[in-house]
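So the structure is just underneath, and the comments pick up after that.
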Amino acid sequence: MKDNYIVQAWLILALAVCFAAALSGIEIALADRIAENKRNETFGQIANLVRSPWWEPVPAQTWQADGKTEQWVTPEGHLAYKAFDKQGTDRGWVIKASGQGFADRIEILIGLDVPGETVLGLYVLDQKETPALGNRIKEETWRRKFVGRETSRDIVVSSASKMADNIANNSVQAITGATVSSKSVAAIVNAAVKDFRNRISDLKKKQ
Amino acid sequence: MDTITSLILIAVGAAVINNFVLHYFVGICPFIGVSRRVDMAFGMGCAVTFVISIAAFLSWTFTYFILRPGAPLTTLIVGRQVDLTILSYIIYIFVIASSVQFVEMYLRKFFPPLYKSFGVYLPLITTNCAILFACLEILKRVAVPTGAAAWGATGGAAIWGLGEAMALAIFGGVGFTLAIVIMAGIREELDHCDVPKSLRGAGITLLVAGILALAFMGFTGVDTGVKKLLVDREKPQSAEVKSTSPDKADNAGIRNPQSAIRLRQGYGGQVRNQVASP
Amino acid sequence: MAKDGPAPLERFINGILPENPVYRQLLGMCPTLAVTGNMKAAMTMSGAVLFVLFCANIITSLIRGLLKPHLRILVFTLTIATFVTIADRLLQAFLYDMSKELGPYVPLIIVNCIIICRCEVCASKQGVLTAASDAVGQSIGFTLALASIASVREILGTGTWFGLTLIPADVPAKVWSTWSVMILPPGAFIALGLLLGAANRIGEIRQGRRAAV
């Protein structure tokens, strides 16, 4: 009887060692690729987020992920990406923000101009809103409404569709049937840019 | 936002709004298999809650102290920061199997009739997706890469502590029990109905579950209300007006704190003044 | 050839329709409901299950001589967990967007009853070839089940199939507007329930015909 258990224990140990070796191999082989995928999520969007004006097409070779985007940090650890174009002029900042949406957390990237006073772009990284309703916050036509909004006052969500009204009120038009999702994104943007403006002077380039 | 508020929000979310069975589709096998009678369903729900709590406690401990990037014990032993999350699934499944074993021994010793009535379903709790799902949620919230502070963070812990993990686990189990008991009650009634032969058993259970899921969808957004209730209660005299409605052109500047206090709903006994701004 | 159970070919064919894991054995419901919102996610999930089931069956079959009753479930679980971790990492490396969409449901393959059941019923008792063909057969059956549910949900829910638009967006609302509920949880339950009823009915009719003959 005891023999059985010892054989079993040896089997499990042997299996565990083999599997641990296999997993370490996978980790070594794939960890870099996975990290790059995660980075590209953010870096892939930076060019789009600091385009100004938004109707300008992005020239094909304007950005490269390495070297043309610098990472700046505050003493507390807040990370902001500073985007430069090919000529070396700084075009603006990109920050990551997240908050509670209607259903679950929403994660967004916000593009700001160099002094941090205007929103230049918005990109939704992660959301689990209602399909066909709140889901539409990821559509480009809605995200584009944030371009040009000032950060000195709160961005509000309204039903007005005229651009002049929206510029005057610093508002974006809500998605029909998804008011709460729209308001959640506006709230996340407001909180994040307020925090950014307060800390913009503390930012130092990450070495 | 203090700890109690965030715990309540997590609890309400796990039990009702994002119900494990009806929103995340985990724990369906016992949901269909054990929901024929209310007493059996309640027993299964309690057993699952018990096992989830133990498993969540152990997996949080392992993840926080050993597995996550920058974990204290690993950094102490190895000397630098390593990321051991690749072993997390194996560790979790071992933790779950051990928890079920422990619960089995406990029941066999102290509640023999209950143990007998469970029969083969008790070891099957190991393959209950709900428990592994709770562990995975905890992994998602604990294994956050170190050193990333959030812009405009509005409260709630960045890395979940033991309290948040246990709140998720226990109330996730409560939500599972709720769903399975409701289903058992409905199925007891369905026994007297003329269900078409091809739908008997799993088919009609799934259809009823669909209607239940529709009903539970009505809870979405309750956490915003609960949050407003709890967070606004903490600062009733705040002069800040955080408004997102369209006609607030007086957003800029607070002229007079009295006029700025504007409560849109009366919270059962709180200040009911609605002072229009001059 | 294994003499102590069905032959490899029989295992393979059984897995597709007669012993279909979802419609006949009612196993693996969790991913069936969760990832069938669109065809791409469903096919990725079935690919992952094929990989894990295949590898787990082969390894279990190779060590079946050493397994004793007490700890065999532990050995199965350890094997499955390892291969699921490998599958998860491969998805994160090569299909990152799909991995984000599938979310926690890839690691939930570990407790997918299909895989443990096949290890227990077939791989721990029969040879490598039988185990392999059983794995492939069951995976094809699982894929068919997922495809049927995902097609229904995606076409009714968004008017697309595999991302290709089937129902043009400019169809007037009086004629057709998408049933968004099919993408949401209630739609998943209802679609699976009705399809299960349909599968049972088809089985009944065929049995009736066979009995009449």
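To be explicit about the labels: the chains of the structure tokens are called A, B, and onward in the order shown, and within each one the residues are counted from 1, while ligands get numbers from 1 in the order they are shown.
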Residue list for chain C near chain A as a PyMOL selection string, 10 Å, only C-alpha atoms | chain C and resi 63+66-68+70-72+74-75+78-79+81-83+85-87+89-97+100-101+157-158+178-184
Got time to write the residues from that selection, N, CA, C and O atoms, as a compact mmCIF listing (two decimals), in the first residue's frame?
# COMPACT_ATOMS: atom_id res chain seq x y z
N ILE C 63 0.81 8.03 -19.76
CA ILE C 63 1.14 7.63 -18.39
C ILE C 63 0.04 6.82 -17.74
O ILE C 63 -0.01 6.68 -16.53
N LEU C 66 0.67 4.22 -15.01
CA LEU C 66 1.16 4.58 -13.68
C LEU C 66 0.07 5.16 -12.79
O LEU C 66 0.30 5.41 -11.62
N LEU C 67 -1.11 5.39 -13.36
CA LEU C 67 -2.15 6.07 -12.58
C LEU C 67 -2.88 5.09 -11.69
O LEU C 67 -3.27 4.02 -12.13
N LYS C 68 -3.04 5.48 -10.41
CA LYS C 68 -3.85 4.69 -9.51
C LYS C 68 -5.07 5.52 -9.10
O LYS C 68 -5.04 6.74 -9.18
N HIS C 70 -6.50 6.86 -6.55
CA HIS C 70 -6.63 7.97 -5.61
C HIS C 70 -6.26 9.31 -6.21
O HIS C 70 -6.96 10.30 -6.03
N LEU C 71 -5.13 9.34 -6.90
CA LEU C 71 -4.61 10.65 -7.27
C LEU C 71 -4.77 10.95 -8.76
O LEU C 71 -4.18 11.88 -9.26
N ARG C 72 -5.63 10.18 -9.45
CA ARG C 72 -5.63 10.39 -10.91
C ARG C 72 -6.26 11.72 -11.28
O ARG C 72 -5.82 12.39 -12.21
N LEU C 74 -6.07 14.42 -9.69
CA LEU C 74 -5.05 15.45 -9.48
C LEU C 74 -4.09 15.52 -10.66
O LEU C 74 -3.74 16.59 -11.14
N VAL C 75 -3.71 14.33 -11.15
CA VAL C 75 -2.78 14.30 -12.29
C VAL C 75 -3.44 14.90 -13.52
O VAL C 75 -2.83 15.70 -14.25
N LEU C 78 -3.53 18.69 -13.11
CA LEU C 78 -2.22 19.30 -13.27
C LEU C 78 -1.86 19.41 -14.75
O LEU C 78 -1.43 20.45 -15.24
N THR C 79 -2.08 18.30 -15.50
CA THR C 79 -1.77 18.30 -16.92
C THR C 79 -2.59 19.36 -17.65
O THR C 79 -2.07 20.16 -18.43
N ALA C 81 -4.08 21.99 -16.48
CA ALA C 81 -3.74 23.36 -16.10
C ALA C 81 -2.49 23.84 -16.83
O ALA C 81 -2.42 24.98 -17.29
N THR C 82 -1.51 22.94 -16.96
CA THR C 82 -0.29 23.33 -17.68
C THR C 82 -0.61 23.69 -19.13
O THR C 82 -0.17 24.73 -19.64
N PHE C 83 -1.36 22.82 -19.80
CA PHE C 83 -1.61 23.10 -21.21
C PHE C 83 -2.50 24.32 -21.41
O PHE C 83 -2.37 25.04 -22.40
N THR C 85 -2.38 26.95 -19.48
CA THR C 85 -1.47 28.10 -19.33
C THR C 85 -0.71 28.33 -20.63
O THR C 85 -0.57 29.47 -21.09
N ILE C 86 -0.24 27.24 -21.25
CA ILE C 86 0.49 27.39 -22.50
C ILE C 86 -0.42 28.00 -23.57
O ILE C 86 -0.03 28.93 -24.29
N ALA C 87 -1.65 27.48 -23.67
CA ALA C 87 -2.58 28.01 -24.67
C ALA C 87 -2.87 29.48 -24.42
O ALA C 87 -2.92 30.29 -25.35
N ARG C 89 -0.95 31.72 -22.93
CA ARG C 89 0.19 32.56 -23.29
C ARG C 89 0.34 32.67 -24.80
O ARG C 89 0.69 33.72 -25.33
N LEU C 90 0.09 31.54 -25.51
CA LEU C 90 0.19 31.60 -26.96
C LEU C 90 -0.83 32.58 -27.53
O LEU C 90 -0.53 33.36 -28.43
N LEU C 91 -2.04 32.55 -26.98
CA LEU C 91 -3.05 33.49 -27.46
C LEU C 91 -2.63 34.93 -27.17
O LEU C 91 -2.78 35.81 -28.01
N GLN C 92 -2.09 35.17 -25.96
CA GLN C 92 -1.69 36.53 -25.63
C GLN C 92 -0.57 37.02 -26.53
O GLN C 92 -0.45 38.20 -26.83
N ALA C 93 0.28 36.07 -26.97
CA ALA C 93 1.42 36.49 -27.79
C ALA C 93 1.01 36.72 -29.24
O ALA C 93 1.46 37.66 -29.87
N PHE C 94 0.13 35.84 -29.78
CA PHE C 94 -0.11 35.90 -31.22
C PHE C 94 -1.48 36.43 -31.59
O PHE C 94 -1.68 36.87 -32.70
N LEU C 95 -2.45 36.39 -30.70
CA LEU C 95 -3.79 36.88 -31.02
C LEU C 95 -4.24 37.75 -29.85
O LEU C 95 -5.20 37.45 -29.18
N TYR C 96 -3.53 38.89 -29.65
CA TYR C 96 -3.72 39.63 -28.40
C TYR C 96 -5.14 40.16 -28.27
O TYR C 96 -5.73 40.10 -27.20
N ASP C 97 -5.72 40.69 -29.37
CA ASP C 97 -7.07 41.26 -29.25
C ASP C 97 -8.09 40.19 -28.89
O ASP C 97 -8.98 40.40 -28.08
N LYS C 100 -7.86 39.33 -25.29
CA LYS C 100 -8.54 40.30 -24.41
C LYS C 100 -10.05 40.09 -24.46
O LYS C 100 -10.74 40.24 -23.45
N GLU C 101 -10.57 39.74 -25.64
CA GLU C 101 -12.02 39.56 -25.73
C GLU C 101 -12.47 38.32 -24.98
O GLU C 101 -13.49 38.31 -24.32
N GLY C 157 -28.04 39.16 -33.68
CA GLY C 157 -27.66 40.24 -32.77
C GLY C 157 -27.01 41.42 -33.44
O GLY C 157 -27.18 42.55 -33.02
N THR C 158 -26.21 41.18 -34.49
CA THR C 158 -25.54 42.29 -35.14
C THR C 158 -25.66 42.26 -36.65
O THR C 158 -25.16 43.15 -37.31
N THR C 178 -31.55 45.03 -35.47
CA THR C 178 -30.84 43.96 -34.79
C THR C 178 -31.44 43.68 -33.42
O THR C 178 -31.87 44.58 -32.71
N TRP C 179 -31.41 42.42 -33.02
CA TRP C 179 -31.90 42.00 -31.71
C TRP C 179 -30.72 42.02 -30.75
O TRP C 179 -30.08 41.00 -30.53
N SER C 180 -30.44 43.19 -30.18
CA SER C 180 -29.25 43.28 -29.33
C SER C 180 -29.27 42.33 -28.16
O SER C 180 -28.23 41.98 -27.61
N VAL C 181 -30.47 41.90 -27.76
CA VAL C 181 -30.54 41.02 -26.60
C VAL C 181 -29.80 39.70 -26.87
O VAL C 181 -29.35 39.04 -25.93
N MET C 182 -29.64 39.34 -28.15
CA MET C 182 -29.00 38.05 -28.42
C MET C 182 -27.53 38.08 -28.03
O MET C 182 -26.94 37.04 -27.78
N ILE C 183 -26.92 39.29 -28.03
CA ILE C 183 -25.52 39.35 -27.65
C ILE C 183 -25.37 39.35 -26.13
O ILE C 183 -24.34 39.01 -25.59
N LEU C 184 -26.44 39.77 -25.45
CA LEU C 184 -26.38 39.88 -23.99
C LEU C 184 -26.66 38.53 -23.35
O LEU C 184 -27.09 37.60 -24.02
Check the DSSP output for the backbone and give back, as a PyMOL selection string, the residues of chain C in alpha helix (DSSP H).
-> chain C and resi 8-16+29-34+39-62+72-94+96-102+113-118+128-158+185-212
Starting from chain A, keep only residues with some atom at most 9 Å from an atom of chain B, counting only C-alpha atoms, and report them as number ranges by chain.
-> A: 20, 23-24, 27, 76-79, 95-103, 153-160, 169, 171, 180, 183, 186-196
Keeping only N, CA and C atoms, write the selected residues as a short mmCIF file (atom, residue, chain, number, x, y, z; two decimals), in the first residue's frame.
data_model
loop_
_atom_site.label_atom_id
_atom_site.label_comp_id
_atom_site.auth_asym_id
_atom_site.auth_seq_id
_atom_site.Cartn_x
_atom_site.Cartn_y
_atom_site.Cartn_z
N ALA A 20 6.85 22.35 -15.02
CA ALA A 20 7.48 23.62 -14.65
C ALA A 20 8.52 24.01 -15.67
N LEU A 23 6.71 25.29 -18.71
CA LEU A 23 6.15 26.63 -18.50
C LEU A 23 7.25 27.69 -18.49
N SER A 24 8.40 27.36 -17.89
CA SER A 24 9.49 28.34 -17.89
C SER A 24 9.93 28.62 -19.32
N GLU A 27 7.47 30.88 -20.89
CA GLU A 27 7.59 32.23 -20.36
C GLU A 27 8.76 32.96 -21.00
N GLU A 76 5.13 60.77 -7.75
CA GLU A 76 4.25 59.73 -7.21
C GLU A 76 4.13 58.53 -8.13
N GLY A 77 4.60 58.66 -9.35
CA GLY A 77 4.55 57.49 -10.24
C GLY A 77 3.54 57.60 -11.37
N HIS A 78 2.92 58.76 -11.57
CA HIS A 78 2.01 58.92 -12.70
C HIS A 78 2.81 59.00 -13.99
N LEU A 79 2.35 58.23 -15.00
CA LEU A 79 3.10 58.13 -16.26
C LEU A 79 2.39 58.91 -17.35
N ILE A 95 -2.16 60.44 -21.90
CA ILE A 95 -2.25 59.82 -20.57
C ILE A 95 -3.33 58.75 -20.57
N LYS A 96 -3.14 57.77 -19.69
CA LYS A 96 -4.09 56.68 -19.57
C LYS A 96 -4.96 56.94 -18.36
N ALA A 97 -6.27 56.77 -18.49
CA ALA A 97 -7.17 56.99 -17.36
C ALA A 97 -8.21 55.88 -17.34
N SER A 98 -8.75 55.63 -16.17
CA SER A 98 -9.81 54.62 -16.09
C SER A 98 -10.79 55.01 -15.01
N GLY A 99 -11.98 54.46 -15.09
CA GLY A 99 -13.00 54.76 -14.10
C GLY A 99 -14.20 53.86 -14.32
N GLN A 100 -15.20 54.05 -13.47
CA GLN A 100 -16.38 53.19 -13.53
C GLN A 100 -17.31 53.66 -14.64
N GLY A 101 -17.70 52.74 -15.50
CA GLY A 101 -18.70 53.06 -16.51
C GLY A 101 -20.05 52.54 -16.07
N PHE A 102 -20.93 52.30 -17.03
CA PHE A 102 -22.26 51.80 -16.71
C PHE A 102 -22.18 50.37 -16.19
N ALA A 103 -21.46 49.53 -16.92
CA ALA A 103 -21.43 48.11 -16.56
C ALA A 103 -20.16 47.75 -15.79
N ARG A 153 -12.41 73.96 -17.99
CA ARG A 153 -13.68 73.70 -17.33
C ARG A 153 -14.14 72.28 -17.66
N ASP A 154 -15.09 71.77 -16.89
CA ASP A 154 -15.55 70.40 -17.06
C ASP A 154 -16.18 70.20 -18.43
N ILE A 155 -15.94 69.04 -19.00
CA ILE A 155 -16.65 68.66 -20.21
C ILE A 155 -18.00 68.10 -19.78
N VAL A 156 -19.06 68.63 -20.35
CA VAL A 156 -20.40 68.15 -19.98
C VAL A 156 -20.99 67.39 -21.16
N VAL A 157 -22.00 66.60 -20.87
CA VAL A 157 -22.67 65.80 -21.88
C VAL A 157 -24.04 66.42 -22.14
N SER A 158 -24.33 66.74 -23.38
CA SER A 158 -25.60 67.40 -23.67
C SER A 158 -26.26 66.72 -24.85
N SER A 159 -27.44 67.21 -25.20
CA SER A 159 -28.11 66.65 -26.36
C SER A 159 -27.95 67.55 -27.57
N ALA A 160 -27.22 68.67 -27.41
CA ALA A 160 -27.06 69.61 -28.52
C ALA A 160 -26.19 68.99 -29.59
N ASN A 169 -20.36 75.54 -24.84
CA ASN A 169 -20.63 74.91 -23.55
C ASN A 169 -19.58 73.91 -23.13
N SER A 171 -19.16 70.99 -24.43
CA SER A 171 -19.94 69.77 -24.23
C SER A 171 -19.75 68.82 -25.40
N VAL A 180 -25.66 57.25 -19.77
CA VAL A 180 -24.79 56.99 -18.61
C VAL A 180 -23.38 56.65 -19.06
N LYS A 183 -21.76 59.88 -20.09
CA LYS A 183 -21.40 60.70 -18.93
C LYS A 183 -20.23 60.11 -18.17
N ALA A 186 -17.08 61.10 -19.93
CA ALA A 186 -16.80 62.52 -19.69
C ALA A 186 -16.24 62.72 -18.28
N ALA A 187 -16.81 62.01 -17.31
CA ALA A 187 -16.34 62.15 -15.93
C ALA A 187 -14.90 61.66 -15.79
N ILE A 188 -14.61 60.53 -16.45
CA ILE A 188 -13.24 60.01 -16.38
C ILE A 188 -12.27 61.02 -16.98
N VAL A 189 -12.65 61.60 -18.15
CA VAL A 189 -11.76 62.57 -18.79
C VAL A 189 -11.55 63.77 -17.88
N ASN A 190 -12.65 64.27 -17.30
CA ASN A 190 -12.54 65.45 -16.44
C ASN A 190 -11.60 65.22 -15.27
N ALA A 191 -11.80 64.08 -14.59
CA ALA A 191 -10.97 63.81 -13.41
C ALA A 191 -9.51 63.68 -13.81
N ALA A 192 -9.26 62.98 -14.92
CA ALA A 192 -7.87 62.72 -15.31
C ALA A 192 -7.17 64.01 -15.74
N VAL A 193 -7.84 64.86 -16.55
CA VAL A 193 -7.13 66.06 -17.02
C VAL A 193 -6.95 67.06 -15.90
N LYS A 194 -7.90 67.07 -14.94
CA LYS A 194 -7.74 67.97 -13.79
C LYS A 194 -6.49 67.58 -13.01
N ASP A 195 -6.36 66.26 -12.77
CA ASP A 195 -5.21 65.74 -12.06
C ASP A 195 -3.93 66.06 -12.83
N PHE A 196 -3.99 65.91 -14.17
CA PHE A 196 -2.82 66.15 -15.00
C PHE A 196 -2.40 67.61 -14.93
#
Using only C-alpha atoms, which residue out of C:Leu164, C:Ala199, C:Leu156, C:Ala212 lies closest to chain B?
->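 Selected residue with least distance to chain B: C:Ala199.
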Can I get the residues of chain B within 8 Å of chain C, each with the closest pair of atoms and their distance in Å to one decimal, using only C-alpha atoms, sorted chain first then ascending number, as CSV?
residue,atom,partner,partner_atom,distance
B:Leu22,CA,C:Pro185,CA,6.8
B:His23,CA,C:Pro185,CA,5.9
B:Tyr24,CA,C:Ala34,CA,7.2
B:Phe25,CA,C:Cys30,CA,5.5
B:Val26,CA,C:Cys30,CA,5.6
B:Gly27,CA,C:Cys30,CA,7.2
B:Ile28,CA,C:Cys30,CA,6.2
B:Cys29,CA,C:Met29,CA,6.8
B:Ile86,CA,C:Thr85,CA,7.1
B:Tyr89,CA,C:Ala81,CA,6.4
B:Ile90,CA,C:Ala81,CA,5.6
B:Ile93,CA,C:Thr77,CA,7.5
B:Thr126,CA,C:Val111,CA,7.7
B:Thr127,CA,C:Val111,CA,4.8
B:Asn128,CA,C:Val111,CA,6.8
B:Cys129,CA,C:Val111,CA,6.1
B:Leu132,CA,C:Leu108,CA,7.1
B:Phe133,CA,C:Leu108,CA,7.1
B:Leu136,CA,C:Pro104,CA,6.9
B:Ser198,CA,C:Gly197,CA,4.9
B:Leu199,CA,C:Gly197,CA,4.8
B:Ala202,CA,C:Gly193,CA,7.3
B:Gly203,CA,C:Gly193,CA,4.5
B:Ile204,CA,C:Gly193,CA,6.6
B:Thr205,CA,C:Gly193,CA,7.6
B:Leu206,CA,C:Gly193,CA,4.9
B:Leu207,CA,C:Ile190,CA,4.9
B:Ala209,CA,C:Phe189,CA,6.4
B:Gly210,CA,C:Pro186,CA,4.2
B:Ile211,CA,C:Pro186,CA,6.4
B:Leu212,CA,C:Pro186,CA,7.7
B:Ala213,CA,C:Pro186,CA,5.1
B:Leu214,CA,C:Pro186,CA,5.5
Expected answer as a PyMOL selection string: strand (DSSP E or B) residues in chain A = chain A and resi 69-73+78-84+90-100+105-112+118-126+150+156-158+171-173+204-205
Atom CA of C:Thr160 and atom CA of C:Met39, how far apart in Å?
->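 These two atoms are separated by 9.3 Å.
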Find the spatial neighbours of B:Arg80, counting only C-alpha atoms, within a cut-off of 12 Å - ignore same-chain residues fewer than 6 positions away - and output them as a PyMOL selection string.
-> chain B and resi 69-74
Save out the residues we just selected, all heavy atoms, as a short mmCIF file (atom, residue, chain, number, x, y, z; two decimals), in the first residue's frame.
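Final file, result-v2.cif:
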data_model
loop_
_atom_site.label_atom_id
_atom_site.label_comp_id
_atom_site.auth_asym_id
_atom_site.auth_seq_id
_atom_site.Cartn_x
_atom_site.Cartn_y
_atom_site.Cartn_z
N PRO B 69 4.12 40.28 -9.61
CA PRO B 69 5.40 40.96 -9.82
C PRO B 69 5.69 41.90 -8.67
O PRO B 69 4.90 42.77 -8.36
CB PRO B 69 5.19 41.72 -11.13
CG PRO B 69 3.74 41.76 -11.35
CD PRO B 69 3.15 40.57 -10.67
N GLY B 70 6.80 41.73 -8.00
CA GLY B 70 7.14 42.56 -6.86
C GLY B 70 6.62 42.04 -5.54
O GLY B 70 6.51 42.78 -4.57
N ALA B 71 6.29 40.74 -5.49
CA ALA B 71 5.73 40.16 -4.27
C ALA B 71 6.79 40.13 -3.18
O ALA B 71 7.95 39.82 -3.43
CB ALA B 71 5.21 38.76 -4.55
N PRO B 72 6.39 40.39 -1.93
CA PRO B 72 7.38 40.51 -0.85
C PRO B 72 8.21 39.25 -0.62
O PRO B 72 9.44 39.31 -0.59
CB PRO B 72 6.51 40.80 0.38
CG PRO B 72 5.25 41.31 -0.14
CD PRO B 72 5.04 40.75 -1.49
N LEU B 73 7.55 38.08 -0.48
CA LEU B 73 8.30 36.87 -0.14
C LEU B 73 9.26 36.48 -1.25
O LEU B 73 10.39 36.10 -1.01
CB LEU B 73 7.33 35.71 0.13
CG LEU B 73 6.79 35.64 1.57
CD1 LEU B 73 5.85 34.45 1.70
CD2 LEU B 73 7.94 35.51 2.54
N THR B 74 8.78 36.57 -2.50
CA THR B 74 9.64 36.17 -3.62
C THR B 74 10.83 37.10 -3.74
O THR B 74 11.96 36.66 -3.97
CB THR B 74 8.85 36.19 -4.94
OG1 THR B 74 7.50 35.83 -4.66
CG2 THR B 74 9.45 35.24 -5.93
#
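Here atom CA of A:Leu13 and atom CA of B:Trp60 stand 24.7 Å from one another.
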Smallest atom-to-atom distance to C:Glu19: which of C:Gly163, C:Pro172, C:Gly65, C:Gly141, using only C-alpha atoms?
-> C:Gly141
